[in-house]
Number of protein chains: 2
Amino acid sequence: MDKAELARELAEEISKRLRRSRTRVPIGVSNRHAHITQAHFETLFGKGAALTKFKDLSQPGQFAGNEKIDIQGPKGAIKGVRLLGPFRPKTQIEVSWTEAVVLGIQPPVRESGDLAGSAALKLAGPLGSVEVREGLILARRHLHCSAAEAAAIGLSNGEVVRLRVGRGGERETVFEKTVVRVSDKFSLELHLDTDEANAAGARTGDPAYIV
Amino acid sequence: MDKAELARELAEEISKRLRRSRTRVPIGVSNRHAHITQAHFETLFGKGAALTKFKDLSQPGQFAGNEKIDIQGPKGAIKGVRLLGPFRPKTQIEVSWTEAVVLGIQPPVRESGDLAGSAALKLAGPLGSVEVREGLILARRHLHCSAAEAAAIGLSNGEVVRLRVGRGGERETVFEKTVVRVSDKFSLELHLDTDEANAAGARTGDPAYIV
């Protein structure tokens with residue numbers, strides 16, 4: 001590589017990093033929740049029952065349901081875990097580590113959908129219960145964005161970035177190892193669980209900055 | 001300042017920072033707990049009752065008591081909050097933000113002992129209850145060390161540092177704005193609450209590194 005080419009590439013990289021660092025990435029705090037299969041839903045809520053919309057979520061097409069379930073581990077239970085829609089091909093329950101301690105389970109840190117070997121637990125609804133052999137995870141920190149946003153900011157799918165949260169506050173924190181997920185089903189948002197958000201003194205809508 | 005002096009000072013500063021960054025600072029995860037006055041203790045446990053030792057804590061002279069209390073906020077209660085000894089001149093209750101949400105209270109982030117204007121709550125014990133007008137806080141992240149440790153590592157009382165926690169792990173995190181407290185009543189330890197430790201995937205005894 002000659003000097004001119006090196007200089008051009010460095011200038012591009014620096015320019016990308018400056019552009020990124022000025023982008024206000026909104027934080028979305030994920031409370032404990034469950035994605036569920038239609039079959040599990042019908043076991044818990046009755047044959048032919050429908051998952052009804054409580055409100056739309058920030059990610060296009062995703063919604064929070066009115067329906068809630070209880071989840072049970074060997075040590076304790078957590079009541080009123082909200083179901084998200086639409087139905088998924090596999091049931092996936094996401095809790096914070098603090099909540100996993102209540103359940104008495106040590107789930108792995110995983111990306112959404114990566115459930116092989118994740119933790120077992122019991123789900124209970126008004127009309128039945130289900131033993132889920134794998135499905136409980138701690139969510140890996142991730143940043144969602146659309147393809148257009150990724151291009152504008154200079155991010156690529158699968159890239160691992162670090163974000164500063166709570167800038168200027170008493171609990172300012174830099175979260176390393178945040179995976180970028182690019183899809184036109186997504187819009188720009190840093191997803192943190194309640195342990196992460198609370199540790200950094202952050203609430204939904206607060207800004208994070210790629211550093 | 002002449003060049004030789006500048007070079008000497010820079011070399012000293014760099015050397016200090018390298019020494020610091022190699023020091024393995026053990027993490028102590030603080031569960032919710034309460035420090036209590038003798039008067040409050042006697043209201044909750046009876047006149048003349050004694051706070052009895054469950055186990056010594058890592059900080060010299062401090063101990064976890066066998067006695068526990070319940071704490072009550074406007075929205076909910078948390079049962080079984082362990083009392084620490086010895087008695088203090090002011091009652092101070094430390095919870096995580098996750099727990100503060102359960103109570104329905106938004107306590108400030110404070111250093112230990114800085115209680116003016118902190119949050120109110122109700123304490124309940126087996127023989128009585130107390131309305132505490134101020135005393136509930138979220139603990140400000142802090143690093144304890146003895147004077148000898150401070151000198152060896154190059155830290156000073158009141159200094160604000162940043163620490164890397166969960167190095168190499170999936171939840172690696174840098175905690176900014178960690179205040180250093182030097183006292184011969186202390187030994188080297190980074191104190192995090194359960195939200196902070198869980199957000200970073202850390203447990204008591206895991207290492208943190210000043211960065």
# chains A, B, ... in the order shown; residues from 1 in each chain; ligands from 1

call {"tool": "closest_atom_pairs", "arguments": {"of": "chain A", "to": "chain B", "cutoff": "10 Å", "atoms": "only C-alpha atoms", "output": "tab-separated table"}}
result
residue	atom	partner	partner_atom	distance
A:Ser96	CA	B:Asn198	CA	8.0
A:Trp97	CA	B:Asn198	CA	5.7
A:Thr98	CA	B:Asn198	CA	6.7
A:Glu99	CA	B:Thr98	CA	9.7
A:Val101	CA	B:Asn198	CA	9.9
A:Pro108	CA	B:Glu170	CA	9.9
A:Val109	CA	B:Glu170	CA	7.2
A:Arg110	CA	B:Glu170	CA	9.1
A:Arg140	CA	B:Glu170	CA	7.5
A:Arg141	CA	B:Arg171	CA	7.8
A:Arg162	CA	B:Thr173	CA	9.1
A:Leu163	CA	B:Thr173	CA	9.8
A:Arg164	CA	B:Val174	CA	9.2
A:Gly166	CA	B:Glu176	CA	9.8
A:Arg167	CA	B:Glu176	CA	9.5
A:Gly168	CA	B:Lys177	CA	9.3
A:Gly169	CA	B:Lys177	CA	8.6
A:Glu170	CA	B:Lys177	CA	6.6
A:Arg171	CA	B:Lys177	CA	6.8
A:Glu172	CA	B:Glu176	CA	5.4
A:Thr173	CA	B:Phe175	CA	4.8
A:Val174	CA	B:Val174	CA	4.9
A:Phe175	CA	B:Thr173	CA	4.9
A:Glu176	CA	B:Glu172	CA	5.4
A:Lys177	CA	B:Glu170	CA	6.5
A:Thr178	CA	B:Arg171	CA	8.6
A:Leu192	CA	B:Ala199	CA	9.2
A:Asp193	CA	B:Ala199	CA	8.2
A:Thr194	CA	B:Thr98	CA	7.2
A:Asp195	CA	B:Asp195	CA	4.6
A:Glu196	CA	B:Ala199	CA	4.5
A:Ala197	CA	B:Ala199	CA	8.2
A:Asn198	CA	B:Trp97	CA	5.7
A:Ala199	CA	B:Glu196	CA	4.5
A:Ala200	CA	B:Glu196	CA	7.8
A:Gly201	CA	B:Trp97	CA	8.3

call {"tool": "atom_distance", "arguments": {"atom1": "atom CA of A:Leu84", "atom2": "atom CA of A:Ile210"}}
result
28.3 Å

call {"tool": "residues_around", "arguments": {"residues": "B:Val180", "least_positions_apart": "5", "cutoff": "8 Å", "atoms": "only C-alpha atoms", "output": "PyMOL selection string"}}
result
chain B and resi 142-145+155-161

call {"tool": "closest_residue", "arguments": {"among": "B:Leu188, B:Leu138, B:Ile27, B:Val165", "to": "B:Val211", "atoms": "only C-alpha atoms"}}
result
B:Val165

call {"tool": "closest_residue", "arguments": {"among": "B:Asn31, B:Gly125, B:Met1, B:Gly154", "to": "B:Ile14", "atoms": "only C-alpha atoms"}}
result
B:Gly154

call {"tool": "atom_distance", "arguments": {"atom1": "atom CA of B:Ile36", "atom2": "atom CA of B:Gly73"}}
result
17.7 Å

call {"tool": "atom_distance", "arguments": {"atom1": "atom CA of B:Glu5", "atom2": "atom CA of B:Arg22"}}
result
26.1 Å

call {"tool": "select_by_dssp", "arguments": {"residues": "stretch 74-166 of chain B", "states": "strand (DSSP E)", "output": "VMD selection string"}}
result
chain B and resid 77 to 85 92 to 94 109 to 110 119 to 125 128 to 139 142 to 145 160 to 165

call {"tool": "write_last_selection", "arguments": {"atoms": "N, CA and C atoms", "output": "tab-separated table (two decimals), in the first residue's frame"}}
result
chain	number	residue	atom	x	y	z
B	77	ALA	N	-42.58	-3.87	48.81
B	77	ALA	CA	-41.68	-4.13	49.93
B	77	ALA	C	-40.58	-5.09	49.50
B	78	ILE	N	-39.46	-5.02	50.19
B	78	ILE	CA	-38.40	-6.01	50.02
B	78	ILE	C	-38.13	-6.62	51.39
B	79	LYS	N	-38.24	-7.92	51.43
B	79	LYS	CA	-38.10	-8.62	52.72
B	79	LYS	C	-36.68	-9.11	52.90
B	80	GLY	N	-36.26	-9.22	54.15
B	80	GLY	CA	-34.98	-9.86	54.44
B	80	GLY	C	-33.77	-9.05	54.02
B	81	VAL	N	-33.76	-7.77	54.36
B	81	VAL	CA	-32.59	-6.94	54.07
B	81	VAL	C	-31.62	-7.06	55.26
B	82	ARG	N	-30.41	-7.53	54.98
B	82	ARG	CA	-29.47	-7.81	56.06
B	82	ARG	C	-28.92	-6.53	56.68
B	83	LEU	N	-28.81	-6.55	58.01
B	83	LEU	CA	-28.20	-5.43	58.73
B	83	LEU	C	-26.70	-5.66	58.85
B	84	LEU	N	-25.93	-4.60	58.66
B	84	LEU	CA	-24.48	-4.66	58.85
B	84	LEU	C	-24.12	-3.93	60.14
B	85	GLY	N	-23.04	-4.39	60.75
B	85	GLY	CA	-22.56	-3.74	61.96
B	85	GLY	C	-21.15	-3.25	61.76
B	92	GLN	N	-28.66	4.03	57.19
B	92	GLN	CA	-28.41	4.16	55.75
B	92	GLN	C	-28.77	2.84	55.08
B	93	ILE	N	-29.68	2.90	54.10
B	93	ILE	CA	-30.12	1.69	53.42
B	93	ILE	C	-29.68	1.79	51.97
B	94	GLU	N	-29.00	0.75	51.47
B	94	GLU	CA	-28.47	0.75	50.11
B	94	GLU	C	-29.14	-0.36	49.31
B	109	VAL	N	-28.03	8.76	43.81
B	109	VAL	CA	-26.74	8.05	43.84
B	109	VAL	C	-25.85	8.83	44.81
B	110	ARG	N	-25.41	8.20	45.88
B	110	ARG	CA	-24.65	8.91	46.91
B	110	ARG	C	-23.49	8.09	47.42
B	119	ALA	N	-33.61	9.44	50.16
B	119	ALA	CA	-35.03	9.06	50.12
B	119	ALA	C	-35.53	8.50	51.46
B	120	ALA	N	-36.84	8.70	51.65
B	120	ALA	CA	-37.53	8.20	52.84
B	120	ALA	C	-38.04	6.78	52.59
B	121	LEU	N	-38.17	6.02	53.64
B	121	LEU	CA	-38.83	4.71	53.53
B	121	LEU	C	-39.14	4.19	54.92
B	122	LYS	N	-39.86	3.05	54.96
B	122	LYS	CA	-40.26	2.47	56.24
B	122	LYS	C	-39.49	1.18	56.47
B	123	LEU	N	-38.98	1.02	57.67
B	123	LEU	CA	-38.30	-0.21	58.07
B	123	LEU	C	-39.20	-0.99	59.01
B	124	ALA	N	-39.22	-2.30	58.86
B	124	ALA	CA	-40.03	-3.11	59.77
B	124	ALA	C	-39.20	-4.27	60.31
B	125	GLY	N	-39.26	-4.47	61.62
B	125	GLY	CA	-38.58	-5.59	62.27
B	125	GLY	C	-39.60	-6.39	63.05
B	128	GLY	N	-41.25	-3.96	65.85
B	128	GLY	CA	-41.68	-2.58	65.62
B	128	GLY	C	-41.29	-2.10	64.25
B	129	SER	N	-41.66	-0.86	63.95
B	129	SER	CA	-41.30	-0.28	62.65
B	129	SER	C	-40.87	1.17	62.84
B	130	VAL	N	-40.15	1.67	61.86
B	130	VAL	CA	-39.60	3.04	61.91
B	130	VAL	C	-39.83	3.69	60.55
B	131	GLU	N	-40.29	4.93	60.55
B	131	GLU	CA	-40.32	5.73	59.32
B	131	GLU	C	-39.01	6.51	59.26
B	132	VAL	N	-38.18	6.19	58.27
B	132	VAL	CA	-36.90	6.91	58.13
B	132	VAL	C	-37.13	8.06	57.15
B	133	ARG	N	-36.88	9.30	57.57
B	133	ARG	CA	-37.16	10.46	56.70
B	133	ARG	C	-36.16	10.57	55.58
B	134	GLU	N	-34.90	10.25	55.85
B	134	GLU	CA	-33.90	10.17	54.79
B	134	GLU	C	-32.91	9.08	55.15
B	135	GLY	N	-32.41	8.36	54.13
B	135	GLY	CA	-31.48	7.27	54.43
B	135	GLY	C	-31.35	6.25	53.31
B	136	LEU	N	-32.28	6.27	52.33
B	136	LEU	CA	-32.20	5.30	51.24
B	136	LEU	C	-31.39	5.89	50.10
B	137	ILE	N	-30.35	5.16	49.67
B	137	ILE	CA	-29.50	5.61	48.55
B	137	ILE	C	-29.18	4.46	47.59
B	138	LEU	N	-28.82	4.85	46.37
B	138	LEU	CA	-28.07	3.96	45.49
B	138	LEU	C	-26.60	4.29	45.76
B	139	ALA	N	-25.78	3.28	45.97
B	139	ALA	CA	-24.38	3.56	46.31
B	139	ALA	C	-23.62	4.05	45.09
B	142	HIS	N	-17.46	2.80	44.16
B	142	HIS	CA	-16.27	3.27	44.85
B	142	HIS	C	-15.25	2.16	44.99
B	143	LEU	N	-14.03	2.61	45.16
B	143	LEU	CA	-12.90	1.70	45.33
B	143	LEU	C	-12.30	2.02	46.69
B	144	HIS	N	-12.25	1.03	47.55
B	144	HIS	CA	-11.64	1.17	48.86
B	144	HIS	C	-10.19	0.72	48.81
B	145	CYS	N	-9.34	1.39	49.55
B	145	CYS	CA	-7.99	0.86	49.75
B	145	CYS	C	-7.36	1.49	50.99
B	160	VAL	N	-11.06	10.24	41.14
B	160	VAL	CA	-12.09	9.52	40.38
B	160	VAL	C	-11.42	8.74	39.26
B	161	VAL	N	-11.66	7.43	39.24
B	161	VAL	CA	-11.00	6.56	38.27
B	161	VAL	C	-12.04	5.77	37.48
B	162	ARG	N	-11.56	5.08	36.45
B	162	ARG	CA	-12.43	4.20	35.66
B	162	ARG	C	-11.88	2.79	35.73
B	163	LEU	N	-12.76	1.81	35.80
B	163	LEU	CA	-12.30	0.42	35.92
B	163	LEU	C	-12.97	-0.48	34.90
B	164	ARG	N	-12.15	-1.37	34.34
B	164	ARG	CA	-12.65	-2.36	33.39
B	164	ARG	C	-13.04	-3.62	34.16
B	165	VAL	N	-14.24	-4.09	33.94
B	165	VAL	CA	-14.77	-5.25	34.66
B	165	VAL	C	-15.21	-6.29	33.63

call {"tool": "select_by_dssp", "arguments": {"residues": "chain A", "states": "alpha helix (DSSP H)", "output": "VMD selection string"}}
result
chain A and resid 3 to 22 38 to 45 97 to 103 147 to 153 194 to 199
